[in-house]
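Undergrad: Structure file upload-v7.txt (compact mmCIF, C-alpha atoms (C1' of nucleotides) and all ligand atoms) right here:
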# COMPACT_ATOMS: atom_id res chain seq x y z
CA MET A 1 22.76 13.35 -12.20
CA HIS A 2 20.75 10.94 -14.20
CA ARG A 3 23.00 8.27 -15.65
CA HIS A 4 20.45 5.73 -16.62
CA GLU A 5 20.68 3.18 -19.38
CA GLY A 6 17.06 3.09 -20.37
CA HIS A 7 14.43 0.42 -20.42
CA ASP A 8 16.37 -2.20 -22.30
CA ALA A 9 19.10 -2.24 -19.73
CA CYS A 10 16.47 -2.33 -16.98
CA ARG A 11 15.08 -5.52 -18.41
CA SER A 12 18.60 -6.69 -19.14
CA GLY A 13 18.49 -10.36 -19.85
CA THR A 14 17.31 -12.70 -17.22
CA ARG A 15 20.80 -14.25 -17.30
CA ASP A 16 22.57 -11.11 -16.12
CA MET A 17 20.10 -10.66 -13.33
CA LEU A 18 20.42 -14.24 -12.14
CA ALA A 19 24.19 -14.09 -12.34
CA ARG A 20 24.19 -10.97 -10.24
CA ALA A 21 21.84 -12.54 -7.72
CA GLU A 22 24.07 -15.57 -7.41
CA ALA A 23 27.12 -13.39 -6.94
CA VAL A 24 25.41 -11.27 -4.32
CA CYS A 25 24.25 -14.28 -2.34
CA ARG A 26 27.56 -16.10 -2.52
CA GLU A 27 29.38 -12.98 -1.45
CA ARG A 28 27.08 -12.49 1.54
CA GLY A 29 26.90 -16.13 2.52
CA LEU A 30 23.21 -16.42 1.75
CA GLN A 31 21.30 -19.10 -0.07
CA PHE A 32 19.98 -18.50 -3.55
CA THR A 33 17.44 -21.31 -3.39
CA PRO A 34 15.35 -22.66 -6.28
CA LEU A 35 12.26 -20.88 -5.03
CA ARG A 36 14.04 -17.56 -4.78
CA ARG A 37 15.47 -18.10 -8.22
CA GLU A 38 12.06 -18.86 -9.70
CA VAL A 39 10.48 -15.82 -8.10
CA LEU A 40 13.26 -13.58 -9.36
CA GLU A 41 12.97 -15.09 -12.83
CA ALA A 42 9.24 -14.45 -12.86
CA VAL A 43 9.70 -10.84 -11.77
CA VAL A 44 12.40 -10.21 -14.35
CA ALA A 45 10.70 -12.07 -17.19
CA VAL A 46 7.52 -10.01 -17.10
CA GLY A 47 9.30 -6.70 -16.68
CA LYS A 48 6.18 -4.89 -15.50
CA VAL A 49 4.74 -4.33 -12.08
CA GLN A 50 3.28 -7.53 -10.73
CA GLY A 51 1.46 -8.34 -7.54
CA ALA A 52 2.66 -11.17 -5.35
CA TYR A 53 -0.44 -13.14 -6.23
CA ASP A 54 0.26 -12.73 -9.94
CA ILE A 55 3.71 -14.16 -9.38
CA ALA A 56 2.34 -17.04 -7.35
CA GLU A 57 -0.13 -17.86 -10.10
CA ARG A 58 2.55 -17.62 -12.77
CA LEU A 59 4.79 -20.03 -10.88
CA SER A 60 2.02 -22.47 -10.18
CA ALA A 61 1.34 -25.29 -12.57
CA PRO A 62 -1.11 -28.17 -12.51
CA GLY A 63 0.25 -30.38 -9.80
CA LYS A 64 2.69 -27.80 -8.40
CA ARG A 65 1.15 -25.00 -6.46
CA VAL A 66 3.23 -22.10 -5.16
CA ALA A 67 1.44 -20.36 -2.31
CA PRO A 68 1.46 -16.56 -2.13
CA VAL A 69 3.03 -16.72 1.30
CA SER A 70 6.09 -18.42 -0.18
CA VAL A 71 6.30 -15.73 -2.82
CA TYR A 72 6.14 -13.04 -0.15
CA ARG A 73 9.00 -14.64 1.73
CA ALA A 74 11.11 -14.86 -1.39
CA LEU A 75 10.28 -11.26 -2.29
CA ASP A 76 11.23 -10.08 1.19
CA PHE A 77 14.57 -11.78 0.79
CA LEU A 78 15.14 -10.36 -2.69
CA MET A 79 14.22 -6.88 -1.50
CA GLU A 80 16.66 -7.10 1.39
CA GLN A 81 19.38 -7.97 -1.11
CA GLY A 82 18.41 -5.06 -3.34
CA LEU A 83 17.37 -7.24 -6.25
CA VAL A 84 13.72 -6.28 -6.24
CA HIS A 85 11.76 -3.14 -5.40
CA ARG A 86 8.30 -2.80 -4.01
CA ILE A 87 6.05 -0.16 -5.58
CA ALA A 88 3.92 1.08 -2.73
CA SER A 89 1.35 2.86 -4.87
CA ARG A 90 0.60 -0.38 -6.71
CA ASN A 91 1.21 -3.03 -4.09
CA ALA A 92 3.48 -4.62 -6.65
CA PHE A 93 7.07 -5.57 -7.37
CA ILE A 94 9.69 -4.99 -10.04
CA PRO A 95 13.23 -6.22 -10.59
CA CYS A 96 16.13 -3.86 -9.97
CA ALA A 97 18.97 -4.02 -12.43
CA HIS A 98 20.89 -1.22 -10.75
CA ASP A 99 23.43 -1.14 -8.04
CA HIS A 100 22.11 1.60 -5.86
CA ALA A 101 24.45 3.42 -3.58
CA PRO A 102 23.29 2.74 -0.03
CA GLY A 103 20.89 5.49 0.99
CA ALA A 104 20.52 6.84 -2.51
CA GLY A 105 17.03 7.92 -3.42
CA VAL A 106 15.27 6.26 -6.29
CA ILE A 107 12.53 7.79 -8.41
CA PHE A 108 10.10 5.27 -9.86
CA LEU A 109 8.53 6.19 -13.20
CA ILE A 110 5.46 4.00 -13.54
CA CYS A 111 3.78 3.88 -16.93
CA ARG A 112 0.08 3.53 -16.44
CA SER A 113 -0.49 2.19 -19.92
CA CYS A 114 2.25 -0.43 -20.34
CA GLY A 115 3.08 -1.04 -16.68
CA VAL A 116 6.82 -0.77 -17.17
CA VAL A 117 8.65 0.93 -14.33
CA ASP A 118 11.78 2.93 -15.02
CA GLU A 119 14.14 4.08 -12.30
CA ALA A 120 15.78 7.47 -12.18
CA SER A 121 17.73 9.52 -9.72
CA SER A 122 18.53 13.18 -9.30
CA GLU A 123 21.06 14.95 -7.13
CA GLU A 124 18.88 18.01 -7.36
CA VAL A 125 15.79 16.29 -6.02
CA GLU A 126 17.85 14.51 -3.42
CA GLY A 127 19.50 17.71 -2.22
CA GLY A 128 16.30 19.72 -2.22
CA LEU A 129 14.52 17.04 -0.27
CA GLY A 130 17.32 16.85 2.28
CA ARG A 131 17.23 20.61 2.82
CA THR A 132 13.45 20.62 3.09
CA LEU A 133 13.52 17.91 5.72
CA LYS A 134 16.25 19.65 7.66
CA ARG A 135 14.29 22.87 7.61
CA ALA A 136 11.28 20.99 8.97
CA GLY A 137 13.37 19.42 11.72
CA PHE A 138 12.62 15.96 10.41
CA THR A 139 15.08 13.07 10.48
CA PRO A 140 14.34 10.75 7.57
CA SER A 141 14.83 7.05 7.75
CA HIS A 142 13.58 6.16 4.33
CA SER A 143 11.52 7.75 1.56
CA ILE A 144 9.56 6.77 -1.49
CA LEU A 145 9.04 8.80 -4.64
CA GLU A 146 6.77 7.30 -7.24
CA VAL A 147 5.51 9.03 -10.35
CA GLU A 148 2.65 7.71 -12.42
CA GLY A 149 2.27 8.75 -16.03
CA ASP A 150 3.07 7.77 -19.60
CA CYS A 151 6.46 6.57 -20.74
CA GLY A 152 8.04 7.81 -23.97
CA ALA A 153 7.46 4.55 -25.79
CA CYS A 154 3.74 4.55 -25.09
CA ARG A 155 3.36 8.18 -26.02
CA ASP A 156 5.11 7.63 -29.36
CA ARG A 157 3.06 4.55 -30.05
CA ASP A 158 -0.21 6.31 -29.30
CA GLN A 159 0.59 9.40 -31.36
CA ALA A 160 1.92 7.68 -34.48
CA PRO A 161 0.09 4.40 -34.96
CA MET B 1 9.64 27.52 -0.72
CA HIS B 2 8.44 26.02 2.48
CA ARG B 3 5.95 28.27 4.13
CA HIS B 4 4.46 25.90 6.58
CA GLU B 5 2.86 26.67 9.87
CA GLY B 6 3.92 23.61 11.78
CA HIS B 7 2.08 20.83 13.49
CA ASP B 8 -0.20 22.95 15.60
CA ALA B 9 -1.63 24.68 12.60
CA CYS B 10 -1.96 21.33 10.83
CA ARG B 11 -4.14 20.08 13.60
CA SER B 12 -5.79 23.45 13.78
CA GLY B 13 -8.94 23.10 15.72
CA THR B 14 -11.62 20.81 14.50
CA ARG B 15 -13.81 23.88 14.21
CA ASP B 16 -11.67 25.55 11.55
CA MET B 17 -11.52 22.40 9.55
CA LEU B 18 -15.25 21.85 9.68
CA ALA B 19 -15.93 25.45 8.81
CA ARG B 20 -13.68 25.15 5.80
CA ALA B 21 -15.34 21.92 4.73
CA GLU B 22 -18.75 23.50 4.97
CA ALA B 23 -17.60 26.48 2.95
CA VAL B 24 -16.03 24.30 0.28
CA CYS B 25 -19.13 22.16 -0.09
CA ARG B 26 -21.53 25.08 -0.17
CA GLU B 27 -19.38 26.84 -2.71
CA ARG B 28 -19.31 23.77 -4.95
CA GLY B 29 -22.92 22.80 -4.49
CA LEU B 30 -22.09 19.56 -2.68
CA GLN B 31 -23.57 18.02 0.42
CA PHE B 32 -21.66 18.02 3.66
CA THR B 33 -23.70 15.25 5.19
CA PRO B 34 -23.58 14.09 8.83
CA LEU B 35 -21.58 11.00 7.91
CA ARG B 36 -19.01 13.02 5.99
CA ARG B 37 -18.82 15.42 8.90
CA GLU B 38 -18.30 12.63 11.40
CA VAL B 39 -15.59 11.03 9.31
CA LEU B 40 -13.79 14.32 8.88
CA GLU B 41 -14.10 15.01 12.61
CA ALA B 42 -12.61 11.61 13.39
CA VAL B 43 -9.72 12.15 11.01
CA VAL B 44 -8.99 15.61 12.38
CA ALA B 45 -9.48 14.72 16.03
CA VAL B 46 -6.89 11.98 16.06
CA GLY B 47 -4.37 13.90 14.00
CA LYS B 48 -2.32 10.83 13.17
CA VAL B 49 -2.48 8.41 10.30
CA GLN B 50 -5.50 6.19 10.63
CA GLY B 51 -6.78 3.34 8.54
CA ALA B 52 -10.33 3.36 7.27
CA TYR B 53 -11.19 0.51 9.60
CA ASP B 54 -9.85 2.44 12.59
CA ILE B 55 -12.14 5.31 11.67
CA ALA B 56 -15.08 2.98 11.24
CA GLU B 57 -14.45 1.48 14.65
CA ARG B 58 -14.06 4.90 16.24
CA LEU B 59 -17.36 6.07 14.82
CA SER B 60 -19.19 2.94 15.80
CA ALA B 61 -20.92 2.73 19.12
CA PRO B 62 -23.05 0.07 20.78
CA GLY B 63 -26.21 0.17 18.73
CA LYS B 64 -24.83 2.31 15.92
CA ARG B 65 -22.47 0.57 13.57
CA VAL B 66 -20.63 2.47 10.83
CA ALA B 67 -19.48 0.07 8.14
CA PRO B 68 -16.01 0.50 6.62
CA VAL B 69 -17.50 0.85 3.18
CA SER B 70 -19.34 3.95 4.29
CA VAL B 71 -16.12 5.36 5.64
CA TYR B 72 -14.38 4.67 2.36
CA ARG B 73 -17.07 6.52 0.47
CA ALA B 74 -16.86 9.50 2.76
CA LEU B 75 -13.07 9.49 2.52
CA ASP B 76 -13.24 9.37 -1.28
CA PHE B 77 -15.48 12.39 -1.20
CA LEU B 78 -13.26 14.28 1.25
CA MET B 79 -10.18 13.48 -0.82
CA GLU B 80 -11.82 14.78 -3.98
CA GLN B 81 -12.52 18.02 -2.16
CA GLY B 82 -8.93 18.24 -0.94
CA LEU B 83 -9.83 17.95 2.72
CA VAL B 84 -8.10 14.65 3.34
CA HIS B 85 -4.98 12.93 2.01
CA ARG B 86 -4.27 9.27 1.58
CA ILE B 87 -0.85 8.03 2.66
CA ALA B 88 -0.04 5.24 0.23
CA SER B 89 2.83 3.77 2.23
CA ARG B 90 0.54 3.26 5.21
CA ASN B 91 -2.85 2.65 3.62
CA ALA B 92 -4.08 5.40 5.86
CA PHE B 93 -5.57 8.87 5.90
CA ILE B 94 -4.85 12.29 7.36
CA PRO B 95 -6.63 15.63 7.35
CA CYS B 96 -5.30 18.43 5.17
CA ALA B 97 -5.39 21.88 6.65
CA HIS B 98 -3.75 23.48 3.65
CA ASP B 99 -5.07 24.97 0.48
CA HIS B 100 -2.84 23.33 -2.08
CA ALA B 101 -2.37 24.96 -5.42
CA PRO B 102 -3.76 22.60 -8.04
CA GLY B 103 -0.96 20.38 -9.29
CA ALA B 104 1.41 21.37 -6.53
CA GLY B 105 3.49 18.54 -5.15
CA VAL B 106 3.20 17.65 -1.51
CA ILE B 107 5.86 16.01 0.62
CA PHE B 108 4.51 13.93 3.46
CA LEU B 109 6.69 13.70 6.57
CA ILE B 110 5.48 10.67 8.48
CA CYS B 111 6.75 10.21 12.02
CA ARG B 112 7.14 6.54 12.71
CA SER B 113 7.02 6.99 16.46
CA CYS B 114 4.07 9.35 17.00
CA GLY B 115 2.27 8.85 13.71
CA VAL B 116 1.81 12.53 13.03
CA VAL B 117 2.13 13.52 9.40
CA ASP B 118 3.46 16.91 8.45
CA GLU B 119 3.19 18.37 4.97
CA ALA B 120 5.90 20.28 3.20
CA SER B 121 6.64 21.50 -0.27
CA SER B 122 9.73 22.58 -2.12
CA GLU B 123 10.18 24.41 -5.40
CA GLU B 124 13.60 22.88 -5.65
CA VAL B 125 12.33 19.31 -5.39
CA GLU B 126 9.45 20.11 -7.68
CA GLY B 127 11.70 21.64 -10.32
CA GLY B 128 14.32 18.94 -10.12
CA LEU B 129 11.70 16.26 -10.43
CA GLY B 130 10.17 17.95 -13.46
CA ARG B 131 13.55 18.18 -15.18
CA THR B 132 14.37 14.57 -14.36
CA LEU B 133 11.10 13.38 -15.81
CA LYS B 134 11.54 15.48 -18.92
CA ARG B 135 15.02 14.08 -19.42
CA ALA B 136 13.62 10.57 -19.12
CA GLY B 137 10.90 11.35 -21.67
CA PHE B 138 8.21 10.65 -19.10
CA THR B 139 4.93 12.55 -18.90
CA PRO B 140 3.73 12.56 -15.30
CA SER B 141 0.10 12.47 -14.35
CA HIS B 142 0.52 12.39 -10.61
CA SER B 143 3.21 11.62 -8.08
CA ILE B 144 3.64 10.75 -4.44
CA LEU B 145 6.54 11.61 -2.17
CA GLU B 146 6.41 10.19 1.32
CA VAL B 147 9.22 10.28 3.86
CA GLU B 148 9.27 8.14 6.95
CA GLY B 149 11.37 9.13 9.95
CA ASP B 150 11.28 10.95 13.26
CA CYS B 151 9.71 14.33 13.78
CA GLY B 152 11.45 17.02 15.80
CA ALA B 153 9.08 16.69 18.75
CA CYS B 154 9.73 12.98 19.14
CA ARG B 155 13.46 13.41 18.79
CA ASP B 156 13.50 16.07 21.52
CA ARG B 157 11.32 13.97 23.76
CA ASP B 158 13.51 10.92 23.36
CA GLN B 159 16.76 12.75 23.93
CA ALA B 160 15.76 14.78 26.97
CA PRO B 161 13.29 12.76 29.01
C1' DG C 1 -47.21 14.20 -4.38
C1' DC C 2 -43.91 12.56 -7.91
C1' DG C 3 -39.66 11.42 -10.38
C1' DG C 4 -34.81 11.30 -10.52
C1' DG C 5 -30.38 11.95 -8.70
C1' DT C 6 -27.53 11.34 -4.54
C1' DT C 7 -26.37 9.25 -0.20
C1' DT C 8 -26.37 5.46 2.95
C1' DG C 9 -26.97 0.52 4.74
C1' DT C 10 -26.05 -4.16 4.02
C1' DT C 11 -24.04 -8.08 2.24
C1' DA C 12 -20.85 -10.30 -0.13
C1' DC C 13 -16.55 -10.65 -2.13
C1' DA C 14 -11.77 -9.67 -4.09
C1' DG C 15 -7.05 -8.42 -3.12
C1' DT C 16 -3.05 -7.91 -0.02
C1' DG C 17 -0.27 -9.40 3.67
C1' DT C 18 0.98 -12.00 8.17
C1' DA C 19 1.01 -15.58 12.02
C1' DT C 20 1.64 -20.16 13.22
C1' DC C 21 3.06 -24.66 13.16
C1' DA C 22 4.94 -28.65 11.14
C1' DC C 23 8.30 -30.65 8.20
C1' DC C 24 12.53 -31.06 5.81
C1' DG C 25 17.43 -30.69 4.77
C1' DC C 26 21.69 -29.29 6.15
C1' DC C 27 25.69 -28.83 9.02
C1' DG C 28 28.33 -28.95 13.15
C1' DC C 29 28.96 -31.43 17.33
C1' DC C 30 29.15 -35.21 20.58
C1' DG D 1 26.17 -42.96 13.77
C1' DG D 2 22.99 -40.01 16.61
C1' DC D 3 21.50 -35.37 17.91
C1' DG D 4 20.21 -30.64 17.99
C1' DG D 5 20.02 -26.20 16.04
C1' DC D 6 18.90 -23.39 12.14
C1' DG D 7 17.20 -21.66 7.94
C1' DG D 8 13.90 -22.56 4.26
C1' DT D 9 9.50 -24.35 2.71
C1' DG D 10 4.54 -26.04 2.79
C1' DA D 11 0.09 -25.51 4.45
C1' DT D 12 -3.63 -23.51 6.83
C1' DA D 13 -5.76 -20.00 8.80
C1' DC D 14 -6.46 -15.43 9.57
C1' DA D 15 -6.22 -10.13 9.55
C1' DC D 16 -6.36 -6.10 6.96
C1' DT D 17 -7.62 -3.26 2.85
C1' DG D 18 -10.72 -2.14 -0.64
C1' DT D 19 -14.75 -2.74 -4.05
C1' DA D 20 -19.21 -4.50 -6.36
C1' DA D 21 -24.02 -4.83 -6.24
C1' DC D 22 -28.45 -3.85 -4.75
C1' DA D 23 -31.97 -1.99 -1.94
C1' DA D 24 -33.71 1.58 1.00
C1' DA D 25 -33.77 6.34 2.42
C1' DC D 26 -33.20 11.00 1.46
C1' DC D 27 -33.36 15.43 -0.93
C1' DC D 28 -34.84 18.66 -4.24
C1' DG D 29 -37.10 20.65 -7.88
C1' DC D 30 -41.33 20.21 -10.55
ZN ZN A 201 16.64 -0.12 -8.40
ZN ZN A 202 4.56 2.73 -21.26
ZN ZN A 203 -2.42 18.82 2.29
ZN ZN A 204 6.76 12.21 16.11
In structure tokens, write the structure found in this file.

TA:
Amino acid sequence: MHRHEGHDACRSGTRDMLARAEAVCRERGLQFTPLRREVLEAVVAVGKVQGAYDIAERLSAPGKRVAPVSVYRALDFLMEQGLVHRIASRNAFIPCAHDHAPGAGVIFLICRSCGVVDEASSEEVEGGLGRTLKRAGFTPSHSILEVEGDCGACRDRDQAP
Amino acid sequence: MHRHEGHDACRSGTRDMLARAEAVCRERGLQFTPLRREVLEAVVAVGKVQGAYDIAERLSAPGKRVAPVSVYRALDFLMEQGLVHRIASRNAFIPCAHDHAPGAGVIFLICRSCGVVDEASSEEVEGGLGRTLKRAGFTPSHSILEVEGDCGACRDRDQAP
DNA sequence: GCGGGTTTGTTACAGTGTATCACCGCCGCC
DNA sequence: GGCGGCGGTGATACACTGTAACAAACCCGC
């Protein structure tokens, strides 16, 4: 069922996220380099969907340019480690504060007005999808489920200004 | 529930598809122009996911160039009329031989080996997703559900060559 | 025929993602 | 110490995807 902590936990301090990233990398014998750290910080700090070029621009400063290709490499790494998700419908990236069970389906709730992306999960959806695929004789390798709409916060804000 | 006719019906003759397109356009007072017809023919004929540039190249011939931008415009039109779907995870397009109820969710089953895309639907998934969104206080405007994997035909072919 | 909306052609451009190669830093090995 | 492999980074170039802008052609009703 849906045991989700809400937006605040999703954007749980940059510190927690970085600590987790360090732990993950140490545990797997991988390098958590300065570039990877900066990219993850940028993704977490903004909290909304961001394109790779946005991140590159944000990390660049007069005299220190970070090329998009470097950002892509860092994002690929972070995605492999489950620290970042890619939102296919937006060509953009968000941090992941969860610890997804391997193979568990994630539902992305993308707010079109504030750009915040919440994550949810549902045994019911998961089960129904599995049965549907089985019935169709289809062997899934990986699926994406992205919903665009308005989050509760934005709806409240718009209705009672 | 899933009342789907299978791949053959999906790729049901080009003729059926064109007849339906003509009917739809006439009924709605829209023009089914030669370009739109050619683009739809190309999408139907191949039957697999195709990028807009693939279609443009396919329609181009020595002496007669079809620019990608024209293809995009035709595809936009065909999508608005429900004759073509866009597959977000592939930046590609497929024909739709179904008559979807407005607002009904579609599940795309994308075979990574043959490129054929099947469509399915499931009340169970639909309902579970609706309840999950409601619980999260999220008002959906539109969602995509795309599954990548291996279709039955390819699995059979690979196992018994 | 004329005027106004729609469709198409053409060009240019913005946005997204990858290939390639060179360089660097590190670590293990001789 | 010297050497070679290996992973990460920088830099450039390029491919792929999609859109903006404007002009020309087309259609249709008046
Ligand atoms: Zn996540
Ligand atoms: Zn919002
Ligand atoms: Zn369809
Ligand atoms: Zn297949």

Undergrad: Do me a favour and pick out the residues of chain B within 10 Å of chain A, using all atoms listed in the file, as an MDAnalysis selection string.

TA: chainID B and resid 1:2 4 6 87:91 107:112 118:155

Undergrad: What does the distance between CA of His100 (chain A) and CA of Leu59 (chain A) come to in Å, to one decimal place?

TA: 28.2 Å

Undergrad: Using only C-alpha atoms and all ligand atoms for the distances, tell me which of B:Gly115, B:Pro102, B:Pro95, B:Gly47 is nearest to ligand ZN 203 (chain A).

TA: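 Closest to ligand ZN 203 (chain A), using only C-alpha atoms and all ligand atoms: B:Pro95.
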
Undergrad: List as an MDAnalysis selection string the protein and nucleic acid residues lying within 7 Å of ligand ZN 201 (chain A), with all atoms listed in the file counted.

TA: chainID A and resid 85 96:100 106 119

Undergrad: What does the structure give for the distance between CA of Thr33 (chain B) and CA of Leu18 (chain B), in Å to one decimal?

TA: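 Here the two named atoms are 11.6 Å from each other.
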
Undergrad: Tell me the residues of chain C close to chain B, meaning within 10 Å using only C-alpha atoms (C1' of nucleotides), as a count of residues only.

TA: 5

Undergrad: I need the chain B residues near chain D as a VMD selection string; criterion: at most 10 Å, counting only C-alpha atoms (C1' of nucleotides).

TA: chain B and resid 51 to 53 68 to 69 72 91 to 92

Undergrad: Given the selection you just returned, output its residues as a file containing C-alpha atoms, formatted as a short mmCIF file (atom, residue, chain, number, x, y, z; two decimals), in the frame of the given file.

TA:
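Output contents, as saved in out-v4.cif:
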data_model
loop_
_atom_site.label_atom_id
_atom_site.label_comp_id
_atom_site.auth_asym_id
_atom_site.auth_seq_id
_atom_site.Cartn_x
_atom_site.Cartn_y
_atom_site.Cartn_z
CA GLY B 51 -6.78 3.34 8.54
CA ALA B 52 -10.33 3.36 7.27
CA TYR B 53 -11.19 0.51 9.60
CA PRO B 68 -16.01 0.50 6.62
CA VAL B 69 -17.50 0.85 3.18
CA TYR B 72 -14.38 4.67 2.36
CA ASN B 91 -2.85 2.65 3.62
CA ALA B 92 -4.08 5.40 5.86
#

Undergrad: Could you write out as JSON the box around region 78-82 of chain A (axis-aligned, all atoms listed in the file, 6 Å on each side), with centre and edge lengths in Å to one decimal?

TA:
{"center_x": 16.8, "center_y": -7.7, "center_z": -1.0, "size_x": 17.2, "size_y": 17.3, "size_z": 16.7}

Undergrad: Work out how far atom ZN of ligand ZN 202 (chain A) is from CA of Phe77 (chain A), in Å to one decimal.

TA: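 Value for the CA of Phe77 (chain A)-atom ZN of ligand ZN 202 (chain A) distance: 28.2 Å.
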
Undergrad: Rank B:Gln50, B:Ser113, B:Thr14, B:Gln159 by their smallest atom-to-atom distance to ligand ZN 204 (chain A), using all atoms listed in the file, and report the top residue only.

TA: B:Ser113
